>>> print(open('structure15.txt').read())   # compact mmCIF, C-alpha atoms
# COMPACT_ATOMS: atom_id res chain seq x y z
CA MET A 17 -0.76 13.92 19.64
CA PRO A 18 -0.74 13.28 15.89
CA GLN A 19 -1.59 16.14 13.58
CA THR A 20 -2.83 13.71 10.93
CA ILE A 21 -4.52 10.33 11.32
CA VAL A 22 -4.72 8.10 8.25
CA ILE A 23 -6.88 5.01 7.82
CA ALA A 24 -5.51 2.79 5.03
CA ASP A 25 -7.16 -0.29 3.54
CA ASP A 26 -3.93 -2.27 3.17
CA VAL A 27 -0.39 -2.25 4.52
CA THR A 28 1.35 -1.25 1.29
CA GLY A 29 -0.98 1.73 1.01
CA ALA A 30 -0.22 2.59 4.62
CA GLY A 31 3.48 2.70 3.85
CA ASP A 32 2.83 4.55 0.61
CA ILE A 33 1.14 7.45 2.37
CA GLY A 34 3.35 7.21 5.45
CA ILE A 35 6.49 7.97 3.47
CA MET A 36 4.92 11.17 2.15
CA TYR A 37 4.97 12.54 5.70
CA ALA A 38 8.20 10.90 6.85
CA LYS A 39 10.27 12.38 4.03
CA ALA A 40 8.95 15.84 4.95
CA GLY A 41 10.37 15.32 8.43
CA MET A 42 7.19 14.19 10.19
CA ARG A 43 7.50 11.45 12.82
CA THR A 44 5.44 8.75 11.13
CA MET A 45 4.22 5.39 12.46
CA VAL A 46 2.19 2.62 10.81
CA TYR A 47 0.12 0.26 12.98
CA ASP A 48 -2.03 -2.79 12.39
CA GLY A 49 -5.64 -1.75 12.96
CA LYS A 50 -7.49 -5.08 12.98
CA ASP A 51 -7.40 -5.38 16.78
CA GLU A 52 -10.75 -4.12 18.06
CA LYS A 53 -9.32 -3.29 21.50
CA GLY A 54 -7.65 -0.03 22.36
CA GLN A 55 -3.98 0.24 21.42
CA GLU A 56 -1.08 2.37 22.56
CA TYR A 57 0.76 4.29 19.87
CA ALA A 58 4.23 5.79 19.95
CA PRO A 59 4.42 9.61 19.89
CA CYS A 60 4.21 10.79 16.30
CA ASP A 61 3.06 13.59 14.01
CA THR A 62 1.36 11.23 11.56
CA LEU A 63 -0.39 8.05 12.65
CA VAL A 64 -1.27 5.58 9.88
CA ILE A 65 -3.54 2.64 10.71
CA ASP A 66 -3.91 -0.33 8.37
CA THR A 67 -7.35 -1.95 8.60
CA ASP A 68 -6.44 -4.65 6.03
CA SER A 69 -9.96 -4.34 4.65
CA ARG A 70 -9.59 -4.36 0.86
CA LEU A 71 -10.50 -8.05 0.57
CA CYS A 72 -13.27 -7.88 3.19
CA THR A 73 -16.96 -7.68 2.43
CA ALA A 74 -18.28 -4.13 2.31
CA GLU A 75 -20.02 -4.69 5.64
CA GLU A 76 -16.86 -5.91 7.38
CA ALA A 77 -14.79 -3.10 5.85
CA TYR A 78 -17.30 -0.54 7.14
CA THR A 79 -17.19 -2.05 10.63
CA ARG A 80 -13.39 -2.11 10.81
CA VAL A 81 -13.02 1.49 9.68
CA TYR A 82 -15.88 2.80 11.82
CA ARG A 83 -14.57 1.18 15.01
CA LYS A 84 -11.00 2.30 14.45
CA VAL A 85 -11.93 5.90 13.60
CA LYS A 86 -14.14 6.04 16.71
CA GLN A 87 -11.20 4.90 18.84
CA VAL A 88 -8.61 7.30 17.44
CA SER A 89 -10.96 10.28 17.13
CA GLN A 90 -10.40 10.83 20.86
CA MET A 91 -6.84 11.86 20.00
CA GLY A 92 -8.11 15.08 18.45
CA ALA A 93 -6.18 15.13 15.17
CA ALA A 94 -6.62 18.17 12.93
CA GLN A 95 -7.04 16.09 9.77
CA TYR A 96 -8.29 12.60 8.92
CA ILE A 97 -7.47 10.82 5.67
CA ASN A 98 -9.02 7.67 4.25
CA LYS A 99 -6.29 6.18 2.05
CA GLN A 100 -7.47 3.92 -0.76
CA CYS A 101 -6.01 2.29 -3.85
CA SER A 102 -5.13 4.88 -6.50
CA VAL A 103 -7.46 3.14 -8.97
CA PHE A 104 -10.41 2.70 -6.54
CA ARG A 105 -10.14 -1.07 -6.03
CA GLY A 106 -11.82 -2.28 -2.86
CA ASN A 107 -14.67 -1.17 -0.60
CA ILE A 108 -14.33 2.53 -1.40
CA GLY A 109 -17.86 3.69 -0.56
CA ALA A 110 -18.19 1.63 2.62
CA GLU A 111 -14.88 2.88 4.00
CA PHE A 112 -15.51 6.52 3.12
CA ASP A 113 -18.97 6.30 4.68
CA ALA A 114 -17.57 4.69 7.81
CA MET A 115 -15.14 7.55 8.38
CA LEU A 116 -17.81 10.21 7.89
CA ASP A 117 -20.27 8.39 10.15
CA ALA A 118 -17.70 7.83 12.89
CA LEU A 119 -16.72 11.52 12.85
CA GLN A 120 -20.35 12.62 12.50
CA GLU A 121 -19.57 14.53 9.34
CA GLU A 122 -21.37 14.70 5.99
CA PHE A 123 -18.77 15.92 3.50
CA ALA A 124 -15.35 14.84 2.27
CA VAL A 125 -13.06 15.76 -0.61
CA VAL A 126 -11.67 12.94 -2.78
CA VAL A 127 -8.31 13.30 -4.56
CA LEU A 128 -7.28 10.08 -6.31
CA GLY A 129 -4.74 11.29 -8.85
CA PHE A 130 -1.10 10.21 -8.46
CA PRO A 131 0.77 11.62 -11.48
CA ASP A 132 4.19 10.25 -10.49
CA ASN A 133 2.71 6.76 -10.80
CA GLY A 134 0.71 7.49 -13.94
CA ARG A 135 -2.71 8.08 -12.32
CA THR A 136 -4.53 11.20 -13.50
CA THR A 137 -8.15 12.37 -13.40
CA LEU A 138 -9.59 14.63 -16.13
CA HIS A 139 -13.23 15.69 -16.02
CA GLY A 140 -13.86 12.89 -13.56
CA ILE A 141 -12.40 10.19 -15.84
CA HIS A 142 -9.48 8.28 -14.34
CA TYR A 143 -6.44 7.32 -16.42
CA VAL A 144 -3.51 4.96 -15.83
CA GLY A 145 -0.46 5.78 -17.91
CA GLY A 146 -2.62 7.82 -20.27
CA VAL A 147 -5.12 4.98 -20.76
CA ARG A 148 -8.66 5.05 -19.40
CA LEU A 149 -8.93 2.93 -16.25
CA GLU A 150 -11.34 0.47 -17.88
CA GLU A 151 -8.80 -0.16 -20.65
CA SER A 152 -5.77 -0.44 -18.36
CA GLN A 153 -4.11 -3.45 -16.73
CA PHE A 154 -6.60 -3.15 -13.87
CA ARG A 155 -9.47 -4.28 -16.07
CA ASN A 156 -8.14 -7.80 -15.56
CA ASP A 157 -7.49 -7.55 -11.82
CA PRO A 158 -8.36 -11.04 -10.48
CA VAL A 159 -10.23 -9.73 -7.43
CA HIS A 160 -11.38 -6.21 -8.33
CA PRO A 161 -11.66 -5.89 -12.12
CA MET A 162 -12.06 -2.22 -12.99
CA THR A 163 -14.53 -1.94 -15.89
CA LYS A 164 -15.41 1.76 -15.59
CA SER A 165 -13.37 4.94 -15.76
CA SER A 166 -15.75 7.50 -14.22
CA LEU A 167 -14.77 7.85 -10.58
CA ARG A 168 -18.16 9.38 -9.85
CA GLU A 169 -19.93 6.28 -11.20
CA ILE A 170 -17.64 3.88 -9.35
CA LEU A 171 -18.09 5.62 -6.01
CA GLN A 172 -21.82 6.30 -6.42
CA GLU A 173 -22.47 2.56 -6.80
CA GLN A 174 -20.98 2.04 -3.34
CA THR A 175 -22.49 4.85 -1.27
CA ARG A 176 -25.89 6.31 -0.40
CA ARG A 177 -24.34 9.80 -0.27
CA ARG A 178 -24.22 12.20 -3.18
CA VAL A 179 -21.08 12.16 -5.35
CA ASP A 180 -20.02 15.22 -7.34
CA ASN A 181 -16.98 16.59 -9.20
CA ILE A 182 -14.92 19.73 -9.52
CA TRP A 183 -13.08 19.90 -12.85
CA TYR A 184 -9.65 21.37 -13.45
CA GLU A 185 -10.95 24.53 -15.15
CA VAL A 186 -11.78 25.86 -11.68
CA TYR A 187 -8.09 25.68 -10.76
CA GLU A 188 -7.33 28.66 -12.99
CA GLY A 189 -8.70 30.82 -10.18
CA GLY A 190 -6.20 29.44 -7.65
CA PRO A 191 -6.81 27.98 -4.17
CA LYS A 192 -9.43 30.60 -3.33
CA ALA A 193 -11.58 29.59 -6.32
CA VAL A 194 -11.27 25.93 -5.35
CA ARG A 195 -12.40 26.66 -1.79
CA GLN A 196 -15.35 28.70 -3.05
CA ALA A 197 -16.42 25.88 -5.37
CA LEU A 198 -16.13 23.40 -2.51
CA GLU A 199 -18.37 25.51 -0.28
CA GLU A 200 -21.12 25.19 -2.86
CA LYS A 201 -20.66 21.41 -3.04
CA ARG A 202 -20.56 21.16 0.76
CA LYS A 203 -24.14 22.39 1.00
CA ASP A 204 -25.37 19.12 -0.55
CA GLY A 205 -23.03 16.92 1.49
CA GLY A 206 -21.45 13.71 0.22
CA TYR A 207 -18.22 13.50 -1.74
CA CYS A 208 -16.54 15.83 -4.19
CA ILE A 209 -13.96 14.27 -6.53
CA MET A 210 -11.19 16.57 -7.74
CA ASP A 211 -9.42 16.42 -11.09
CA VAL A 212 -5.63 15.93 -11.08
CA ARG A 213 -3.64 16.48 -14.26
CA ASP A 214 -0.15 16.81 -12.80
CA ASN A 215 1.80 17.66 -9.65
CA ARG A 216 1.06 21.35 -10.05
CA ASP A 217 -2.60 20.52 -9.50
CA LEU A 218 -1.69 18.59 -6.36
CA GLN A 219 0.31 21.51 -5.01
CA LEU A 220 -2.61 23.87 -5.62
CA LEU A 221 -5.08 21.43 -4.06
CA ALA A 222 -2.90 21.04 -0.97
CA GLU A 223 -3.01 24.78 -0.43
CA ALA A 224 -6.77 24.80 -0.91
CA LEU A 225 -7.48 21.71 1.21
CA GLN A 226 -5.02 21.95 4.09
CA GLU A 227 -7.80 23.00 6.48
CA GLU A 228 -10.26 20.28 5.38
CA LYS A 229 -11.07 17.91 8.22
CA ILE A 230 -11.58 14.82 6.03
CA LEU A 231 -9.80 13.88 2.83
CA CYS A 232 -10.06 10.64 0.86
CA GLY A 233 -8.13 9.05 -1.97
CA SER A 234 -4.54 8.16 -2.83
CA SER A 235 -1.34 9.20 -1.09
CA ALA A 236 -0.08 11.71 -3.65
CA LEU A 237 -1.78 14.80 -2.19
CA SER A 238 -0.18 14.07 1.19
CA GLU A 239 3.29 14.80 -0.16
CA TYR A 240 2.25 18.44 -0.55
CA LEU A 241 0.15 18.54 2.62
CA ALA A 242 3.17 17.25 4.56
CA ARG A 243 5.38 20.00 3.16
CA LEU A 244 2.90 22.60 4.35
CA GLN A 245 2.83 20.99 7.80
CA ALA A 246 6.62 20.90 7.94
CA SER A 247 6.81 24.63 7.26
CA GLU A 248 4.28 25.27 10.03
CA PHE A 249 6.23 23.12 12.49
CA ALA A 250 9.63 24.59 11.60
CA GLY A 251 11.31 26.10 14.63
CA ASP A 252 9.05 24.54 17.27
CA GLY A 253 12.03 22.71 18.82
CA ILE A 254 10.63 19.20 18.38
CA GLU A 255 12.96 16.63 16.85
CA ARG A 256 11.09 14.86 14.06
CA GLY A 257 11.64 12.11 11.52
CA GLY A 258 10.65 8.46 11.36
CA ASN A 259 13.27 7.43 13.92
CA ALA A 260 12.30 9.71 16.80
CA ASP A 261 12.96 8.16 20.23
CA HIS A 262 14.96 5.41 18.60
CA THR A 263 18.56 4.70 17.73
CA PRO A 264 19.26 6.13 14.27
CA THR A 265 18.69 3.47 11.66
CA SER A 266 19.34 5.04 8.28
CA CYS A 267 22.08 3.40 6.26
CA GLU A 268 24.10 3.84 3.11
CA ALA A 269 23.48 1.49 0.19
CA PRO A 270 26.64 -0.63 -0.20
CA THR A 271 28.83 -1.03 -3.24
CA TRP A 272 27.20 -3.96 -5.04
CA ALA A 273 28.58 -6.07 -7.84
CA GLY A 274 25.64 -8.38 -8.49
CA PRO A 275 24.69 -11.68 -6.90
CA ASN A 276 28.11 -13.26 -7.36
CA GLY A 277 30.19 -10.14 -6.85
CA ALA A 278 31.75 -8.40 -3.87
CA ARG A 279 29.82 -8.62 -0.61
CA THR A 280 29.18 -5.87 1.91
CA ALA A 281 30.70 -5.88 5.39
CA TRP A 282 27.38 -7.07 6.80
CA GLU A 283 26.47 -10.53 5.56
CA GLY A 284 22.79 -10.33 6.47
CA LYS A 285 20.37 -12.36 4.38
CA VAL A 286 17.35 -10.92 2.58
CA LEU A 287 14.19 -12.73 1.50
CA GLY A 288 12.02 -11.52 -1.36
CA LEU A 289 8.38 -12.49 -1.96
CA ALA A 290 6.23 -11.67 -4.99
CA GLY A 291 2.57 -12.59 -4.86
CA SER A 292 1.22 -9.90 -7.19
CA LEU A 293 0.11 -10.65 -10.75
CA MET A 294 0.62 -7.06 -11.90
CA PRO A 295 2.89 -6.63 -14.94
CA GLN A 296 5.21 -4.35 -12.94
CA THR A 297 5.92 -7.13 -10.43
CA ALA A 298 6.36 -9.68 -13.22
CA ALA A 299 8.93 -7.39 -14.87
CA GLN A 300 10.72 -6.78 -11.57
CA THR A 301 11.07 -10.47 -10.70
CA GLU A 302 12.12 -11.34 -14.24
CA TYR A 303 14.77 -8.60 -14.08
CA MET A 304 16.18 -10.28 -10.98
CA ARG A 305 16.14 -13.73 -12.57
CA GLU A 306 17.86 -12.45 -15.70
CA GLY A 307 20.48 -10.81 -13.47
CA GLY A 308 21.45 -14.14 -11.98
CA TYR A 309 19.67 -13.82 -8.66
CA GLN A 310 17.97 -16.85 -7.14
CA VAL A 311 14.28 -16.68 -8.09
CA LEU A 312 12.07 -19.64 -7.19
CA THR A 313 8.58 -20.02 -8.67
CA LEU A 314 5.67 -21.39 -6.64
CA ASP A 315 3.19 -23.37 -8.75
CA THR A 316 -0.20 -22.04 -7.64
CA ARG A 317 -2.04 -24.93 -9.33
CA LEU A 318 -0.73 -27.20 -6.57
CA LEU A 319 -1.98 -25.17 -3.62
CA LEU A 320 -5.66 -26.16 -3.60
CA GLU A 321 -5.17 -29.82 -2.64
CA PRO A 322 -3.49 -30.55 0.76
CA ASP A 323 -0.97 -33.23 -0.29
CA GLN A 324 0.08 -31.36 -3.42
CA ARG A 325 0.40 -28.16 -1.41
CA ARG A 326 2.61 -29.85 1.19
CA ARG A 327 4.94 -31.28 -1.47
CA GLU A 328 5.17 -27.95 -3.30
CA CYS A 329 6.01 -26.13 -0.07
CA GLU A 330 8.71 -28.70 0.72
CA ARG A 331 10.18 -28.26 -2.76
CA ILE A 332 10.44 -24.49 -2.34
CA LEU A 333 11.86 -24.77 1.18
CA GLN A 334 14.54 -27.20 0.09
CA ALA A 335 15.49 -25.04 -2.91
CA ALA A 336 15.66 -21.93 -0.73
CA GLU A 337 17.85 -23.65 1.88
CA LYS A 338 20.26 -24.76 -0.82
CA ALA A 339 20.31 -21.30 -2.42
CA TYR A 340 21.14 -19.57 0.88
CA GLN A 341 24.23 -21.75 1.22
CA ALA A 342 25.74 -19.77 -1.66
CA GLU A 343 23.83 -16.48 -1.75
CA ASN A 344 22.38 -13.91 0.63
CA PHE A 345 19.21 -13.27 -1.38
CA VAL A 346 16.41 -15.52 -2.55
CA MET A 347 13.15 -14.44 -4.13
CA ILE A 348 10.03 -16.61 -4.17
CA ARG A 349 7.38 -15.62 -6.69
CA THR A 350 4.04 -17.07 -7.73
CA ALA A 351 3.70 -18.32 -11.28
CA GLN A 352 3.13 -15.41 -13.67
CA ASP A 353 2.28 -17.40 -16.79
CA PRO A 354 -1.29 -16.45 -17.85
CA ASP A 355 -2.15 -20.09 -18.62
CA ILE A 356 -1.12 -21.19 -15.12
CA VAL A 357 -3.11 -18.33 -13.57
CA LYS A 358 -6.14 -19.30 -15.65
CA GLU A 359 -5.76 -22.96 -14.73
CA THR A 360 -5.48 -22.07 -11.03
CA LYS A 361 -8.76 -20.15 -11.23
CA SER A 362 -10.41 -23.03 -13.08
CA LEU A 363 -9.28 -25.53 -10.45
CA GLY A 364 -10.62 -23.22 -7.78
CA GLN A 365 -14.00 -22.96 -9.49
CA GLN A 366 -14.22 -26.76 -9.68
CA ARG A 367 -13.77 -26.84 -5.90
CA GLY A 368 -16.17 -23.96 -5.26
CA ILE A 369 -13.32 -21.57 -4.42
CA GLY A 370 -13.58 -17.97 -5.64
CA ASN A 371 -10.83 -15.58 -6.68
CA VAL A 372 -10.63 -13.87 -3.27
CA GLU A 373 -10.21 -17.21 -1.50
CA ILE A 374 -7.55 -18.26 -4.01
CA SER A 375 -5.69 -15.00 -3.45
CA VAL A 376 -5.78 -15.53 0.32
CA ALA A 377 -4.59 -19.13 -0.08
CA VAL A 378 -1.67 -18.11 -2.29
CA SER A 379 -0.60 -15.25 -0.01
CA GLY A 380 -0.96 -17.47 3.04
CA THR A 381 1.18 -20.20 1.50
CA LEU A 382 3.91 -17.74 0.53
CA SER A 383 3.90 -16.35 4.05
CA GLU A 384 4.05 -19.76 5.71
CA ILE A 385 7.04 -20.66 3.57
CA ALA A 386 8.60 -17.26 4.30
CA ARG A 387 8.16 -17.54 8.06
CA HIS A 388 9.95 -20.90 8.09
CA ILE A 389 12.83 -19.52 6.00
CA ILE A 390 13.07 -16.35 8.10
CA GLU A 391 13.26 -18.33 11.33
CA THR A 392 15.75 -20.97 10.14
CA GLN A 393 17.99 -18.56 8.22
CA LYS A 394 17.71 -15.77 10.85
CA ILE A 395 16.67 -13.27 8.20
CA ARG A 396 15.98 -9.65 9.14
CA GLY A 397 15.60 -8.07 5.69
CA ILE A 398 12.28 -8.72 3.92
CA LEU A 399 11.06 -7.41 0.56
CA VAL A 400 7.49 -8.09 -0.59
CA CYS A 401 5.73 -7.27 -3.87
CA GLY A 402 1.95 -7.24 -3.52
CA GLY A 403 -0.51 -5.88 -0.96
CA ASP A 404 -2.16 -9.19 -0.04
CA THR A 405 1.19 -10.92 0.48
CA SER A 406 2.52 -7.96 2.48
CA ALA A 407 -0.47 -8.12 4.83
CA SER A 408 -0.10 -11.87 5.19
CA ILE A 409 3.61 -11.81 6.04
CA CYS A 410 3.05 -9.11 8.66
CA GLU A 411 0.34 -11.29 10.20
CA HIS A 412 2.54 -14.40 10.21
CA LEU A 413 5.47 -12.50 11.77
CA LYS A 414 3.17 -10.69 14.26
CA ILE A 415 4.33 -7.27 13.07
CA ARG A 416 1.91 -4.78 14.66
CA GLY A 417 3.76 -1.53 14.12
CA MET A 418 6.45 0.00 11.91
CA ARG A 419 8.52 3.16 11.74
CA VAL A 420 8.64 4.71 8.28
CA LEU A 421 12.29 5.45 7.52
CA GLU A 422 13.16 6.53 3.99
CA GLU A 423 11.84 6.52 0.43
CA ILE A 424 13.39 4.15 -2.10
CA GLU A 425 11.19 5.14 -5.06
CA THR A 426 8.00 7.19 -5.23
CA GLY A 427 5.58 5.86 -2.63
CA LEU A 428 7.82 2.92 -1.74
CA PRO A 429 9.46 3.17 1.69
CA LEU A 430 11.89 1.29 3.85
CA CYS A 431 10.32 0.54 7.25
CA GLU A 432 11.39 -1.08 10.50
CA SER A 433 9.19 -3.11 12.83
CA VAL A 434 8.83 -1.69 16.35
CA SER A 435 8.78 -5.06 18.10
CA ARG A 436 11.67 -7.48 18.37
CA PRO A 437 13.17 -8.90 16.34
CA HIS A 438 13.55 -5.67 14.39
CA TYR A 439 12.82 -6.52 10.78
CA ARG A 440 13.71 -4.18 7.94
CA LEU A 441 10.78 -4.24 5.54
CA VAL A 442 10.05 -3.06 2.03
CA LEU A 443 6.36 -3.70 1.35
CA LYS A 444 5.45 -2.75 -2.21
CA SER A 445 2.17 -2.43 -4.05
CA GLY A 446 2.23 -4.84 -6.99
CA SER A 447 1.69 -2.10 -9.57
CA PHE A 448 4.34 0.33 -8.26
CA GLY A 449 8.03 0.66 -8.92
CA SER A 450 10.54 0.60 -11.76
CA ARG A 451 11.78 -2.60 -13.37
CA GLU A 452 14.97 -2.28 -11.30
CA PHE A 453 13.17 -1.59 -8.02
CA VAL A 454 13.71 -4.97 -6.36
CA GLU A 455 17.46 -4.79 -6.92
CA ARG A 456 17.51 -1.20 -5.68
CA ALA A 457 15.65 -2.16 -2.52
CA LEU A 458 17.90 -5.19 -2.05
CA LYS A 459 20.98 -2.98 -2.05
CA ILE A 460 19.51 -0.87 0.75
CA LEU A 461 18.35 -3.86 2.79
CA SER A 462 21.73 -5.58 2.35
CA GLY A 463 23.54 -2.49 3.62
CA CYS A 464 21.68 -2.31 6.94
CA GLY A 465 22.82 -4.12 10.08
CA ALA A 466 20.65 -6.57 11.98
>>> encode(input="structure15.txt", output="structure tokens")
Amino acid sequence: MPQTIVIADDVTGAGDIGIMYAKAGMRTMVYDGKDEKGQEYAPCDTLVIDTDSRLCTAEEAYTRVYRKVKQVSQMGAAQYINKQCSVFRGNIGAEFDAMLDALQEEFAVVVLGFPDNGRTTLHGIHYVGGVRLEESQFRNDPVHPMTKSSLREILQEQTRRRVDNIWYEVYEGGPKAVRQALEEKRKDGGYCIMDVRDNRDLQLLAEALQEEKILCGSSALSEYLARLQASEFAGDGIERGGNADHTPTSCEAPTWAGPNGARTAWEGKVLGLAGSLMPQTAAQTEYMREGGYQVLTLDTRLLLEPDQRRRECERILQAAEKAYQAENFVMIRTAQDPDIVKETKSLGQQRGIGNVEISVAVSGTLSEIARHIIETQKIRGILVCGGDTSASICEHLKIRGMRVLEEIETGLPLCESVSRPHYRLVLKSGSFGSREFVERALKILSGCGA
């Protein structure tokens, strides 16, 4: 029986929070949660379910979360977490409400701060890299433009429940003072958003909130909650870790001399996909291109008309096939040029296609191309930048469950699919990771056997 059940709104977020528990020694599994029927889950300490609901309507997101929480609530977990984007993109209010309604509860604590990835909350105002959310890169998000910085305002627009705050000054009194303040907020029900200045705040909040039944927000708090769980479980005789009941799968990163240098003993091929328009992903793919790796660019302007789309897909497939004759890694990215992105949106508007539909079309095209390459090249290592593209490739490959193995960078794990063929997967949020992340992940994927 899992100690913690997490409902995540996309697959990269599911992996993001899953690794927080796995690296503390918790047996952690991630499953696709779109199937409305009951599902069997492998034994684990932490069960993470991806509802893939960020791009849904609020009504559909509510329904998906409500149904899934109702199903898994029979498992009797001690704690439930609703994992959302660390800048509140998506159907935040609908999904929080769905969890409370399904569990017949009226109060939840919200902790969105993720200092290691530049997200902090001070007096209820959310910052990204020291810049107010409304002034950050997320203001121009093509699907969920973030034009406000007050988390209370953002959430209150999406829920009928009361939204309140507790500011960091309360933390001076320690966990006991936080719990006392929460008891006062609990009387009115709804949601209480907590400030987060740094990791010390997260550690304090974990101590104060470890007995809370429902928590909402980003994955960062779970790193400290998992450590507390691990200390409680120490000595109980149960073998834990992401590979429980499975042949050990961890591997050493090989000696790597660049794309034309010495190869590892295992000549397995790796495919990279980048569908995110975030500047972090653009920098990561450009780093790979500058390093001499094979990076192919998909022209999104050609994807909205069937014949043009077919020819563009054929061009990419032919280029990838040729590249794999000489190299073991190819990355396919969408065009990052702002003018091309703008023109793609304009073409979509002329055809009555909105930004969400364009995003789905682009992710779907990348995944169709990827599936063909994976099948013909017998690829088992897959690296994806972007939540929408990650969800799409999992759908195309019929990946329903994954074991969370090890952390590559903060919040960015290596996973393995539970069904055959066993794929090694790195599914990354578009706005996470260092400039060198893709190369770092490639080294790990290239060092693992099939």
>>> closest_residue(input="structure15.txt", among="A:Leu221, A:Val27, A:Ile108, A:Val357", to="A:Arg416", atoms="only C-alpha atoms")
A:Val27
>>> atom_distance(input="structure15.txt", atom1="atom CA of A:Asp68", atom2="atom CA of A:Met91")
21.6 Å
>>> closest_residue(input="structure15.txt", among="A:Ser375, A:Gln324, A:Thr297, A:Thr28", to="A:Tyr47", atoms="only C-alpha atoms")
A:Thr28
>>> closest_residue(input="structure15.txt", among="A:Asn98, A:Gln334, A:Asn344, A:Thr175", to="A:Lys285", atoms="only C-alpha atoms")
A:Asn344
>>> axis_aligned_box(input="structure15.txt", around="stretch 310-319 of chain A", padding_each_side="6 Å", output="AutoDock Vina command-line options")
--center_x 8.0 --center_y -21.9 --center_z -6.5 --size_x 32.0 --size_y 22.5 --size_z 17.7
>>> closest_residue(input="structure15.txt", among="A:Arg387, A:Lys50, A:Arg80, A:Lys39", to="A:Ala246", atoms="only C-alpha atoms")
A:Lys39
>>> closest_residue(input="structure15.txt", among="A:Val125, A:Ile141, A:Leu218, A:Leu293", to="A:Arg178", atoms="all atoms listed in the file")
A:Val125
>>> residues_around(input="structure15.txt", residues="A:Glu239", least_positions_apart="4", cutoff="7 Å", atoms="only C-alpha atoms", output="VMD selection string")
chain A and resid 36 to 37 243
>>> closest_residue(input="structure15.txt", among="A:Arg177, A:Lys361, A:Arg326, A:Lys338", to="A:Asp204", atoms="all atoms listed in the file")
A:Arg177
>>> residues_around(input="structure15.txt", residues="stretch 224-233 of chain A", least_positions_apart="3", cutoff="7 Å", atoms="only C-alpha atoms", output="ChimeraX atom specification")
/A:94-100,102,124-128,191-192,194-195,220-221,241
>>> atom_distance(input="structure15.txt", atom1="atom CA of A:Tyr143", atom2="atom CA of A:Val103")
8.6 Å
>>> atom_distance(input="structure15.txt", atom1="atom CA of A:Cys208", atom2="atom CA of A:Ala30")
22.8 Å
>>> residues_around(input="structure15.txt", residues="A:Arg327", least_positions_apart="6", cutoff="10 Å", atoms="only C-alpha atoms", output="PyMOL selection string")
chain A and resi 318-319+333
>>> residues_around(input="structure15.txt", residues="stretch 144-160 of chain A", least_positions_apart="3", cutoff="9 Å", atoms="only C-alpha atoms", output="PyMOL selection string")
chain A and resi 71+103+105-106+131+133-136+141+163-166+293-295+371-372+375
>>> residues_around(input="structure15.txt", residues="A:Ser292", least_positions_apart="4", cutoff="7 Å", atoms="only C-alpha atoms", output="ChimeraX atom specification")
/A:297,401-402,446
>>> write_last_selection(input="structure15.txt", atoms="C-alpha atoms", output="PDB file, keeping the file's coordinate frame")
ATOM      1  CA  THR A 297       5.920  -7.130 -10.430  1.00  0.00           C
ATOM      2  CA  CYS A 401       5.730  -7.270  -3.870  1.00  0.00           C
ATOM      3  CA  GLY A 402       1.950  -7.240  -3.520  1.00  0.00           C
ATOM      4  CA  GLY A 446       2.230  -4.840  -6.990  1.00  0.00           C
TER       5      GLY A 446
END
